[in-house]
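Participant: Structure file structure_13.cif (mmCIF, C-alpha atoms and all ligand atoms) right here:
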```cif
data_query
loop_
_atom_site.group_PDB
_atom_site.id
_atom_site.type_symbol
_atom_site.label_atom_id
_atom_site.label_comp_id
_atom_site.auth_asym_id
_atom_site.auth_seq_id
_atom_site.Cartn_x
_atom_site.Cartn_y
_atom_site.Cartn_z
ATOM 1 C CA MET A 312 -97.526 34.045 42.267
ATOM 2 C CA ALA A 313 -98.292 34.027 38.578
ATOM 3 C CA LYS A 314 -96.629 37.386 38.244
ATOM 4 C CA VAL A 315 -93.350 36.130 39.776
ATOM 5 C CA LYS A 316 -93.309 33.081 37.476
ATOM 6 C CA LYS A 317 -93.818 35.290 34.464
ATOM 7 C CA LYS A 318 -90.896 37.492 35.516
ATOM 8 C CA LYS A 319 -88.591 34.476 35.954
ATOM 9 C CA LEU A 320 -89.552 33.179 32.542
ATOM 10 C CA LYS A 321 -88.776 36.588 31.037
ATOM 11 C CA ILE A 322 -85.239 36.606 32.571
ATOM 12 C CA LYS A 323 -84.621 33.067 31.264
ATOM 13 C CA TRP A 324 -85.612 34.136 27.761
ATOM 14 C CA LYS A 325 -83.365 37.170 27.989
ATOM 15 C CA ASN A 326 -80.374 35.027 29.014
ATOM 16 C CA PHE A 327 -81.066 32.549 26.232
ATOM 17 C CA ILE A 328 -81.143 35.316 23.615
ATOM 18 C CA ILE A 329 -77.845 36.781 24.904
ATOM 19 C CA PHE A 330 -76.303 33.277 24.781
ATOM 20 C CA ILE A 331 -77.447 32.760 21.162
ATOM 21 C CA ILE A 332 -76.056 36.145 20.130
ATOM 22 C CA ILE A 333 -72.644 35.356 21.703
ATOM 23 C CA VAL A 334 -72.495 31.921 20.026
ATOM 24 C CA PHE A 335 -73.456 33.487 16.717
ATOM 25 C CA LEU A 336 -70.798 36.168 17.085
ATOM 26 C CA LEU A 337 -68.119 33.610 17.972
ATOM 27 C CA CYS A 338 -69.041 31.454 14.956
ATOM 28 C CA PHE A 339 -68.913 34.493 12.726
ATOM 29 C CA LEU A 340 -65.473 35.504 13.979
ATOM 30 C CA LEU A 341 -64.170 31.964 13.632
ATOM 31 C CA ILE A 342 -65.344 31.612 10.043
ATOM 32 C CA LYS A 343 -64.109 35.046 9.115
ATOM 33 C CA GLY A 344 -60.697 34.365 10.672
ATOM 34 C CA THR A 345 -60.153 31.041 8.949
ATOM 35 C CA THR A 346 -61.198 32.334 5.562
ATOM 36 C CA THR A 347 -58.812 35.293 5.886
ATOM 37 C CA ILE A 348 -55.916 33.012 6.789
ATOM 38 C CA TYR A 349 -56.871 30.613 3.993
ATOM 39 C CA LYS A 350 -57.000 33.440 1.512
ATOM 40 C CA PHE A 351 -53.624 34.757 2.716
ATOM 41 C CA ILE A 352 -52.016 31.388 2.209
ATOM 42 C CA THR A 353 -53.633 30.505 -1.082
ATOM 43 C CA THR A 354 -53.662 33.821 -2.888
ATOM 44 C CA PRO A 355 -50.766 33.828 -5.349
ATOM 45 C CA LYS A 356 -48.235 36.664 -5.154
ATOM 46 C CA PRO A 357 -48.667 39.325 -7.769
ATOM 47 C CA GLU A 358 -46.797 38.439 -10.924
ATOM 48 C CA LYS A 359 -44.627 41.536 -10.672
ATOM 49 C CA GLU A 360 -43.347 40.545 -7.266
ATOM 50 C CA ILE A 361 -42.513 37.031 -8.448
ATOM 51 C CA LYS A 362 -40.637 38.342 -11.427
ATOM 52 C CA GLU A 363 -38.565 40.674 -9.291
ATOM 53 C CA GLU A 364 -37.666 37.924 -6.880
ATOM 54 C CA LYS A 365 -36.661 35.661 -9.724
ATOM 55 C CA LYS A 366 -34.542 38.402 -11.195
ATOM 56 C CA LYS A 367 -32.797 38.967 -7.880
ATOM 57 C CA GLU A 368 -32.064 35.270 -7.552
ATOM 58 C CA GLU A 369 -30.722 35.080 -11.078
ATOM 59 C CA LYS A 370 -28.459 38.034 -10.429
ATOM 60 C CA LYS A 371 -27.155 36.384 -7.279
ATOM 61 C CA ASP A 372 -26.417 33.179 -9.189
ATOM 62 C CA LYS A 373 -24.777 35.152 -11.942
ATOM 63 C CA ASP A 374 -22.586 37.106 -9.500
ATOM 64 C CA LEU A 375 -21.610 33.896 -7.741
ATOM 65 C CA ASP A 376 -20.877 32.259 -11.066
ATOM 66 C CA SER A 377 -18.654 35.140 -12.119
ATOM 67 C CA GLU A 378 -16.755 34.757 -8.831
ATOM 68 C CA TYR A 379 -16.229 31.044 -9.385
ATOM 69 C CA LYS A 380 -15.184 31.877 -12.927
ATOM 70 C CA LYS A 381 -12.444 34.144 -11.592
ATOM 71 C CA LEU A 382 -11.068 31.027 -9.904
ATOM 72 C CA ASP A 383 -11.542 28.948 -13.097
ATOM 73 C CA TYR A 384 -14.200 26.859 -11.360
ATOM 74 C CA ILE A 385 -11.651 25.262 -9.054
ATOM 75 C CA ASN A 386 -14.606 24.580 -6.714
ATOM 76 C CA LYS A 387 -15.696 21.807 -9.064
ATOM 77 C CA GLN A 388 -12.255 20.214 -9.251
ATOM 78 C CA ILE A 389 -11.305 19.786 -5.596
ATOM 79 C CA ASP A 390 -13.242 18.676 -2.544
ATOM 80 C CA TYR A 391 -11.522 20.984 -0.063
ATOM 81 C CA PHE A 392 -12.859 24.226 -1.583
ATOM 82 C CA ARG A 393 -14.531 25.948 1.360
ATOM 83 C CA GLU A 394 -17.506 28.116 0.410
ATOM 84 C CA GLU A 395 -17.068 30.268 3.510
ATOM 85 C CA ASN A 396 -13.588 31.232 2.254
ATOM 86 C CA LEU A 397 -14.723 32.346 -1.226
ATOM 87 C CA GLN A 398 -14.178 36.070 -0.638
ATOM 88 C CA ARG A 399 -10.786 35.398 0.928
ATOM 89 C CA TYR A 400 -9.722 33.268 -2.080
ATOM 90 C CA LEU A 401 -10.665 36.124 -4.423
ATOM 91 C CA LYS A 402 -8.858 38.734 -2.370
ATOM 92 C CA TYR A 403 -5.740 36.572 -1.966
ATOM 93 C CA LYS A 404 -5.690 35.909 -5.709
ATOM 94 C CA GLU A 405 -5.627 39.638 -6.410
ATOM 95 C CA SER A 406 -2.285 40.029 -4.647
ATOM 96 C CA ASN A 407 -0.926 36.594 -5.611
ATOM 97 C CA SER A 408 -1.847 36.388 -9.277
ATOM 98 C CA LYS A 409 1.055 34.065 -10.101
ATOM 99 C CA LEU A 410 -0.180 31.274 -7.875
ATOM 100 C CA ASP A 411 -2.438 28.662 -9.445
ATOM 101 C CA ASN A 412 -5.958 28.371 -8.088
ATOM 102 C CA LYS A 413 -5.317 25.182 -6.185
ATOM 103 C CA GLN A 414 -2.473 26.887 -4.354
ATOM 104 C CA ILE A 415 -4.715 29.882 -3.629
ATOM 105 C CA VAL A 416 -7.249 27.586 -1.944
ATOM 106 C CA ILE A 417 -4.580 25.704 0.032
ATOM 107 C CA ASP A 418 -2.839 28.880 1.217
ATOM 108 C CA VAL A 419 -6.087 30.493 2.354
ATOM 109 C CA ASN A 420 -7.255 27.279 4.023
ATOM 110 C CA ILE A 421 -4.002 27.313 5.984
ATOM 111 C CA GLY A 422 -4.651 30.961 6.872
ATOM 112 C CA LEU A 423 -1.709 32.485 4.980
ATOM 113 C CA ASP A 424 -3.831 35.391 3.709
ATOM 114 C CA TYR A 425 -3.424 36.784 7.225
ATOM 115 C CA PRO A 426 -0.104 37.560 8.905
ATOM 116 C CA TYR A 427 1.035 34.963 11.438
ATOM 117 C CA TYR A 428 -0.803 35.161 14.752
ATOM 118 C CA GLU A 429 -3.614 37.179 13.158
ATOM 119 C CA ASN A 430 -7.074 35.648 12.858
ATOM 120 C CA ALA A 431 -5.838 32.804 15.099
ATOM 121 C CA LYS A 432 -8.368 30.346 16.477
ATOM 122 C CA GLU A 433 -8.352 27.856 19.273
ATOM 123 C CA SER A 434 -7.163 24.458 17.998
ATOM 124 C CA LYS A 435 -9.804 21.894 17.192
ATOM 125 C CA HIS A 436 -9.181 18.167 17.554
ATOM 126 C CA LEU A 437 -7.854 18.332 21.101
ATOM 127 C CA ASN A 438 -6.258 15.072 22.208
ATOM 128 C CA LYS A 439 -6.197 13.719 18.645
ATOM 129 C CA ASP A 440 -3.030 12.570 16.814
ATOM 130 C CA TYR A 441 -3.749 14.996 13.988
ATOM 131 C CA ILE A 442 -4.300 18.126 16.113
ATOM 132 C CA LEU A 443 -2.876 21.203 14.413
ATOM 133 C CA VAL A 444 -1.090 23.790 16.522
ATOM 134 C CA ASN A 445 0.715 26.555 14.679
ATOM 135 C CA LYS A 446 0.676 30.330 14.261
ATOM 136 C CA TYR A 447 -3.051 30.294 13.419
ATOM 137 C CA ASN A 448 -4.205 27.612 15.865
ATOM 138 C CA TYR A 449 -3.449 27.848 19.554
ATOM 139 C CA LEU A 450 -3.972 25.939 22.769
ATOM 140 C CA THR A 451 -5.373 27.584 25.849
ATOM 141 C CA LYS A 452 -3.364 28.168 28.989
ATOM 142 C CA ASP A 453 -4.930 25.242 30.808
ATOM 143 C CA TYR A 454 -4.716 22.646 28.042
ATOM 144 C CA VAL A 455 -2.822 19.587 29.225
ATOM 145 C CA PRO A 456 -3.064 16.522 26.972
ATOM 146 C CA ASN A 457 -4.480 13.279 28.308
ATOM 147 C CA ASN A 458 -2.297 10.249 29.005
ATOM 148 C CA LEU A 459 1.120 11.860 29.330
ATOM 149 C CA GLU A 460 3.788 9.273 30.088
ATOM 150 C CA THR A 461 7.498 9.513 30.803
ATOM 151 C CA ILE A 462 9.884 8.276 28.098
ATOM 152 C CA SER A 463 12.462 5.662 29.082
ATOM 153 C CA THR A 464 15.812 7.322 29.885
ATOM 154 C CA THR A 465 17.429 4.837 27.486
ATOM 155 C CA TYR A 466 16.101 7.080 24.695
ATOM 156 C CA ALA A 467 15.588 10.438 26.415
ATOM 157 C CA ARG A 468 16.886 12.855 28.976
ATOM 158 C CA SER A 469 15.218 12.308 32.313
ATOM 159 C CA GLY A 470 11.679 13.534 32.875
ATOM 160 C CA MET A 471 10.684 13.762 29.180
ATOM 161 C CA LYS A 472 6.982 13.160 28.646
ATOM 162 C CA LEU A 473 4.815 12.378 25.613
ATOM 163 C CA VAL A 474 1.220 11.268 25.093
ATOM 164 C CA LYS A 475 1.039 7.464 25.500
ATOM 165 C CA ASP A 476 0.737 6.507 21.791
ATOM 166 C CA ALA A 477 3.501 8.910 20.776
ATOM 167 C CA LYS A 478 5.714 7.757 23.625
ATOM 168 C CA GLU A 479 5.311 4.084 22.695
ATOM 169 C CA ALA A 480 5.943 4.818 19.000
ATOM 170 C CA TYR A 481 9.022 6.878 19.836
ATOM 171 C CA GLU A 482 10.504 4.199 22.083
ATOM 172 C CA GLU A 483 9.906 1.553 19.422
ATOM 173 C CA MET A 484 11.544 3.778 16.800
ATOM 174 C CA ALA A 485 14.558 4.589 18.975
ATOM 175 C CA LYS A 486 14.922 0.910 19.862
ATOM 176 C CA ASP A 487 14.887 -0.159 16.204
ATOM 177 C CA ALA A 488 17.344 2.620 15.330
ATOM 178 C CA LYS A 489 19.674 1.404 18.073
ATOM 179 C CA LYS A 490 19.588 -2.124 16.670
ATOM 180 C CA GLU A 491 20.947 -0.691 13.436
ATOM 181 C CA GLY A 492 23.611 1.337 15.224
ATOM 182 C CA TYR A 493 21.911 4.753 15.461
ATOM 183 C CA THR A 494 21.392 6.757 18.635
ATOM 184 C CA LEU A 495 18.288 8.832 19.236
ATOM 185 C CA ILE A 496 17.913 10.833 22.423
ATOM 186 C CA ALA A 497 14.909 13.037 23.138
ATOM 187 C CA MET A 498 16.033 16.312 24.625
ATOM 188 C CA SER A 499 12.674 18.071 24.702
ATOM 189 C CA SER A 500 9.117 16.789 24.442
ATOM 190 C CA TYR A 501 5.949 17.898 26.269
ATOM 191 C CA ARG A 502 6.211 21.473 27.470
ATOM 192 C CA SER A 503 3.515 23.129 29.555
ATOM 193 C CA TYR A 504 2.110 26.562 28.752
ATOM 194 C CA THR A 505 3.984 28.191 31.641
ATOM 195 C CA TYR A 506 7.246 26.529 30.635
ATOM 196 C CA GLN A 507 6.766 27.987 27.144
ATOM 197 C CA VAL A 508 6.153 31.438 28.644
ATOM 198 C CA ASP A 509 9.568 31.330 30.319
ATOM 199 C CA LEU A 510 11.295 29.878 27.267
ATOM 200 C CA TYR A 511 9.804 32.367 24.820
ATOM 201 C CA ASN A 512 10.569 35.327 27.067
ATOM 202 C CA ARG A 513 14.160 34.153 27.373
ATOM 203 C CA TYR A 514 14.494 33.974 23.571
ATOM 204 C CA VAL A 515 12.918 37.406 23.118
ATOM 205 C CA LYS A 516 15.362 38.853 25.627
ATOM 206 C CA LYS A 517 18.274 37.233 23.804
ATOM 207 C CA ASP A 518 17.371 37.782 20.106
ATOM 208 C CA GLY A 519 14.379 40.125 20.016
ATOM 209 C CA LYS A 520 10.754 39.274 19.312
ATOM 210 C CA LYS A 521 11.049 39.094 15.522
ATOM 211 C CA ALA A 522 13.893 36.576 15.540
ATOM 212 C CA ALA A 523 12.427 34.574 18.411
ATOM 213 C CA ASP A 524 9.190 34.178 16.450
ATOM 214 C CA THR A 525 11.030 32.346 13.651
ATOM 215 C CA TYR A 526 12.238 29.526 15.886
ATOM 216 C CA SER A 527 10.142 29.531 19.037
ATOM 217 C CA GLY A 528 6.425 29.181 19.496
ATOM 218 C CA ARG A 529 4.668 31.852 21.485
ATOM 219 C CA PRO A 530 2.966 30.482 24.585
ATOM 220 C CA GLY A 531 -0.083 28.514 23.479
ATOM 221 C CA TYR A 532 1.215 28.315 19.914
ATOM 222 C CA SER A 533 3.952 25.734 20.508
ATOM 223 C CA GLU A 534 3.051 22.213 19.489
ATOM 224 C CA HIS A 535 5.246 20.924 22.306
ATOM 225 C CA GLN A 536 2.174 21.651 24.451
ATOM 226 C CA THR A 537 0.306 18.887 22.565
ATOM 227 C CA GLY A 538 2.590 16.208 24.012
ATOM 228 C CA LEU A 539 3.064 14.914 20.459
ATOM 229 C CA ALA A 540 6.244 16.800 19.480
ATOM 230 C CA ILE A 541 9.796 15.837 20.230
ATOM 231 C CA ASP A 542 13.262 17.309 19.720
ATOM 232 C CA VAL A 543 15.993 14.708 19.223
ATOM 233 C CA TYR A 544 19.769 14.598 18.952
ATOM 234 C CA ASN A 545 22.258 11.764 18.642
ATOM 235 C CA GLY A 546 23.823 12.104 22.054
ATOM 236 C CA ALA A 547 27.059 13.527 20.636
ATOM 237 C CA TYR A 548 26.499 16.605 18.480
ATOM 238 C CA ASP A 549 24.472 19.630 19.492
ATOM 239 C CA TYR A 550 20.847 19.178 18.396
ATOM 240 C CA THR A 551 21.157 22.075 15.926
ATOM 241 C CA ASN A 552 23.557 19.864 13.933
ATOM 242 C CA PHE A 553 21.211 16.896 13.867
ATOM 243 C CA GLY A 554 20.687 17.462 10.140
ATOM 244 C CA LYS A 555 24.341 16.548 9.515
ATOM 245 C CA THR A 556 24.243 13.217 11.330
ATOM 246 C CA LYS A 557 23.664 9.679 10.060
ATOM 247 C CA GLU A 558 20.785 9.494 12.528
ATOM 248 C CA PHE A 559 19.030 12.231 10.615
ATOM 249 C CA LEU A 560 19.333 10.235 7.380
ATOM 250 C CA TRP A 561 17.896 7.211 9.168
ATOM 251 C CA MET A 562 14.993 9.349 10.398
ATOM 252 C CA GLN A 563 14.413 10.681 6.872
ATOM 253 C CA LYS A 564 13.901 7.113 5.687
ATOM 254 C CA ASN A 565 12.109 5.627 8.659
ATOM 255 C CA ALA A 566 10.339 8.140 10.958
ATOM 256 C CA HIS A 567 7.025 7.944 9.062
ATOM 257 C CA LYS A 568 6.876 4.177 9.542
ATOM 258 C CA TYR A 569 6.447 4.861 13.260
ATOM 259 C CA GLY A 570 3.983 7.714 12.778
ATOM 260 C CA PHE A 571 6.428 10.636 12.971
ATOM 261 C CA ILE A 572 7.011 13.478 10.497
ATOM 262 C CA LEU A 573 9.768 16.039 10.181
ATOM 263 C CA ARG A 574 7.592 18.953 11.198
ATOM 264 C CA PHE A 575 9.449 22.008 9.844
ATOM 265 C CA PRO A 576 11.134 20.909 6.612
ATOM 266 C CA GLU A 577 13.437 22.962 4.440
ATOM 267 C CA GLY A 578 11.554 24.953 1.805
ATOM 268 C CA LYS A 579 8.270 24.888 3.711
ATOM 269 C CA GLU A 580 8.940 27.887 5.928
ATOM 270 C CA LYS A 581 5.962 29.800 4.535
ATOM 271 C CA GLU A 582 3.488 26.995 5.274
ATOM 272 C CA THR A 583 4.740 26.100 8.738
ATOM 273 C CA GLY A 584 5.787 29.606 9.799
ATOM 274 C CA TYR A 585 9.072 28.216 11.125
ATOM 275 C CA GLN A 586 12.607 27.975 9.863
ATOM 276 C CA TYR A 587 13.927 24.504 9.013
ATOM 277 C CA GLU A 588 14.422 22.340 12.112
ATOM 278 C CA SER A 589 16.089 18.983 11.501
ATOM 279 C CA TRP A 590 15.558 17.916 15.137
ATOM 280 C CA HIS A 591 11.841 18.584 15.650
ATOM 281 C CA TYR A 592 9.495 15.653 14.937
ATOM 282 C CA ARG A 593 5.794 15.314 15.399
ATOM 283 C CA TYR A 594 3.711 12.226 16.012
ATOM 284 C CA VAL A 595 0.597 12.108 13.786
ATOM 285 C CA GLY A 596 -0.019 8.353 13.615
ATOM 286 C CA LYS A 597 1.177 5.965 10.896
ATOM 287 C CA LYS A 598 -1.562 6.579 8.339
ATOM 288 C CA ILE A 599 -1.239 10.364 8.212
ATOM 289 C CA ALA A 600 2.561 10.230 8.497
ATOM 290 C CA LYS A 601 2.652 7.980 5.413
ATOM 291 C CA GLU A 602 0.457 10.349 3.407
ATOM 292 C CA ILE A 603 2.466 13.412 4.443
ATOM 293 C CA TYR A 604 5.752 11.617 3.675
ATOM 294 C CA GLU A 605 4.643 10.297 0.286
ATOM 295 C CA ASN A 606 3.212 13.609 -0.894
ATOM 296 C CA ASP A 607 6.038 15.676 0.558
ATOM 297 C CA ILE A 608 3.640 18.017 2.357
ATOM 298 C CA THR A 609 3.386 19.580 5.812
ATOM 299 C CA LEU A 610 0.748 19.061 8.482
ATOM 300 C CA GLU A 611 -0.635 22.489 7.498
ATOM 301 C CA GLU A 612 -1.155 21.329 3.899
ATOM 302 C CA TYR A 613 -2.632 18.062 5.103
ATOM 303 C CA HIS A 614 -5.277 19.929 7.090
ATOM 304 C CA ALA A 615 -5.883 22.435 4.271
ATOM 305 C CA THR A 616 -6.632 19.614 1.808
ATOM 306 C CA HIS A 617 -8.794 17.461 4.069
ATOM 307 C CA ASN A 618 -12.153 18.321 5.539
ATOM 308 C CA ILE A 619 -11.569 17.058 9.037
ATOM 309 C CA LYS A 620 -14.634 17.632 11.165
HETATM 310 ZN ZN ZN B 1 10.797 21.391 19.029
#
```
I'd like the structure from this file rewritten - as structure tokens, please.
Ligand SMILES: [Zn+2]

Facilitator:
Amino acid sequence: MAKVKKKKLKIKWKNFIIFIIIVFLLCFLLIKGTTTIYKFITTPKPEKEIKEEKKKEEKKDKDLDSEYKKLDYINKQIDYFREENLQRYLKYKESNSKLDNKQIVIDVNIGLDYPYYENAKESKHLNKDYILVNKYNYLTKDYVPNNLETISTTYARSGMKLVKDAKEAYEEMAKDAKKEGYTLIAMSSYRSYTYQVDLYNRYVKKDGKKAADTYSGRPGYSEHQTGLAIDVYNGAYDYTNFGKTKEFLWMQKNAHKYGFILRFPEGKEKETGYQYESWHYRYVGKKIAKEIYENDITLEEYHATHNIK
């Protein structure tokens, strides 16, 4: 009996010693690990390394500064300088040295450093009054604006649709014009993507692609798809002669008061990418229309000089 007890006691002692050794080892590893990490965090970098990093940073700042300098520090004078476009501004300036720096920034912000239809992106601001659709900003095949409504046939050919706000503003404008003895009839307004496909193909067949591109939007690139654009005439002359009518003069004076702008003005062909169209108006809302009218700019320039999120 005594022998068995002794043996049991021996095993217990053995286990206890193994347990102590394991605990000791674990403690050792834990302490060692934490001190290594602590040392790694707290040990300062060698002076040489710090100096090199500082030098690199200084060089970067200096290079950046010399780039801003090439643009006469226009970045500090305007709030629509876009850092992400810096290299494009510099490149555009090289081939357009006569333009002032502000113009360089505006042109590049519009996208004019690329040929039309190149580097095009899907339009932002869907279903907003200020949406921009042009040769750099397109709508997808399935984009149909919200709240399309039919314009009263008193002021439009039958079946013409516009987005609610634009439709109401147009009817109010046409009504007020009528009171003063002027006739406005909408002959084209919202056009779907597929409608534009047919229209564009017809124009290409008739005049060739190059010519068609100057007066017709490619499918997805026509702002008629926004439901905010309208072509008008006076009910008598062909719409292409709208610029010669008294109605046109009335529109020149009054359209902006209702939130409309002449979208493709004379002398702004480069910015808009379209030849002058006296009949094509665009609803942008009263506030933006007023700013565009007063500053004699296009919707492209408005977007290029505002940071609209
Ligand atoms: Zn039009």

Participant: If you apply the PyMOL selection byres (((chain A and resi 616) around 10) and not hetatm) to this file, what residues do you get, as a list in words?

Facilitator: Ile389, Asp390, Tyr391, Phe392, Lys413, Val416, Ile417, Asn420, Ile421, Leu610, Glu611, Glu612, Tyr613, His614, Ala615, His617, Asn618 and Ile619 of chain A

Participant: Store the residues picked out above, limited to C-alpha atoms, as a PDB file, in the coordinates of the input.

Facilitator:
```pdb
ATOM      1  CA  ILE A 389     -11.305  19.786  -5.596  1.00  0.00           C
ATOM      2  CA  ASP A 390     -13.242  18.676  -2.544  1.00  0.00           C
ATOM      3  CA  TYR A 391     -11.522  20.984  -0.063  1.00  0.00           C
ATOM      4  CA  PHE A 392     -12.859  24.226  -1.583  1.00  0.00           C
ATOM      5  CA  LYS A 413      -5.317  25.182  -6.185  1.00  0.00           C
ATOM      6  CA  VAL A 416      -7.249  27.586  -1.944  1.00  0.00           C
ATOM      7  CA  ILE A 417      -4.580  25.704   0.032  1.00  0.00           C
ATOM      8  CA  ASN A 420      -7.255  27.279   4.023  1.00  0.00           C
ATOM      9  CA  ILE A 421      -4.002  27.313   5.984  1.00  0.00           C
ATOM     10  CA  LEU A 610       0.748  19.061   8.482  1.00  0.00           C
ATOM     11  CA  GLU A 611      -0.635  22.489   7.498  1.00  0.00           C
ATOM     12  CA  GLU A 612      -1.155  21.329   3.899  1.00  0.00           C
ATOM     13  CA  TYR A 613      -2.632  18.062   5.103  1.00  0.00           C
ATOM     14  CA  HIS A 614      -5.277  19.929   7.090  1.00  0.00           C
ATOM     15  CA  ALA A 615      -5.883  22.435   4.271  1.00  0.00           C
ATOM     16  CA  HIS A 617      -8.794  17.461   4.069  1.00  0.00           C
ATOM     17  CA  ASN A 618     -12.153  18.321   5.539  1.00  0.00           C
ATOM     18  CA  ILE A 619     -11.569  17.058   9.037  1.00  0.00           C
TER      19      ILE A 619
END
```

Participant: Got a sec to resolve the PyMOL selection byres (((chain A and resi 562) around 10) and not hetatm) on this structure and send the residues as a PDB file with C-alpha atoms, in the coordinates of the input?

Facilitator:
```
ATOM      1  CA  MET A 484      11.544   3.778  16.800  1.00  0.00           C
ATOM      2  CA  ALA A 485      14.558   4.589  18.975  1.00  0.00           C
ATOM      3  CA  ALA A 488      17.344   2.620  15.330  1.00  0.00           C
ATOM      4  CA  TYR A 493      21.911   4.753  15.461  1.00  0.00           C
ATOM      5  CA  LEU A 495      18.288   8.832  19.236  1.00  0.00           C
ATOM      6  CA  GLY A 554      20.687  17.462  10.140  1.00  0.00           C
ATOM      7  CA  LYS A 557      23.664   9.679  10.060  1.00  0.00           C
ATOM      8  CA  GLU A 558      20.785   9.494  12.528  1.00  0.00           C
ATOM      9  CA  PHE A 559      19.030  12.231  10.615  1.00  0.00           C
ATOM     10  CA  LEU A 560      19.333  10.235   7.380  1.00  0.00           C
ATOM     11  CA  TRP A 561      17.896   7.211   9.168  1.00  0.00           C
ATOM     12  CA  GLN A 563      14.413  10.681   6.872  1.00  0.00           C
ATOM     13  CA  LYS A 564      13.901   7.113   5.687  1.00  0.00           C
ATOM     14  CA  ASN A 565      12.109   5.627   8.659  1.00  0.00           C
ATOM     15  CA  ALA A 566      10.339   8.140  10.958  1.00  0.00           C
ATOM     16  CA  HIS A 567       7.025   7.944   9.062  1.00  0.00           C
ATOM     17  CA  LYS A 568       6.876   4.177   9.542  1.00  0.00           C
ATOM     18  CA  PHE A 571       6.428  10.636  12.971  1.00  0.00           C
ATOM     19  CA  ILE A 572       7.011  13.478  10.497  1.00  0.00           C
ATOM     20  CA  LEU A 573       9.768  16.039  10.181  1.00  0.00           C
ATOM     21  CA  SER A 589      16.089  18.983  11.501  1.00  0.00           C
ATOM     22  CA  TRP A 590      15.558  17.916  15.137  1.00  0.00           C
ATOM     23  CA  TYR A 592       9.495  15.653  14.937  1.00  0.00           C
TER      24      TYR A 592
END
```

Participant: Starting from the PyMOL selection byres (((not hetatm)) within 12 of (chain B and resi 1)), expand the selection into actual residues of this file and give them as a PyMOL selection string.

Facilitator: chain A and resi 497-502+507+510+526-528+532-544+550-551+573-575+585-594

Participant: The residues within 12 Å of (9.5, 40.3, 21.9), using all atoms listed in the file and the coordinates of the file, should be reported as a list in words; which are they?

Facilitator: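 Residues with an atom close enough to that point: Val508, Leu510, Tyr511, Asn512, Arg513, Tyr514, Val515, Lys516, Lys517, Asp518, Gly519, Lys520, Lys521, Ala522, Ala523, Asp524, Thr525, Ser527, Gly528 and Arg529 of chain A.
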
Participant: Determine, counting only C-alpha atoms, which protein, DNA and RNA residues have an atom within 10 Å of an atom of A:Ala431; residues of the same chain fewer than 3 positions away are not included. Present the result as a PyMOL selection string.

Facilitator: chain A and resi 422+425-428+434+445-449+532

Participant: Enter the distance from atom CA of A:Ile385 to atom CA of A:Arg399, in Å, rounded to one decimal.

Facilitator: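 Separating atom CA of A:Ile385 from atom CA of A:Arg399 is a distance of 14.3 Å.
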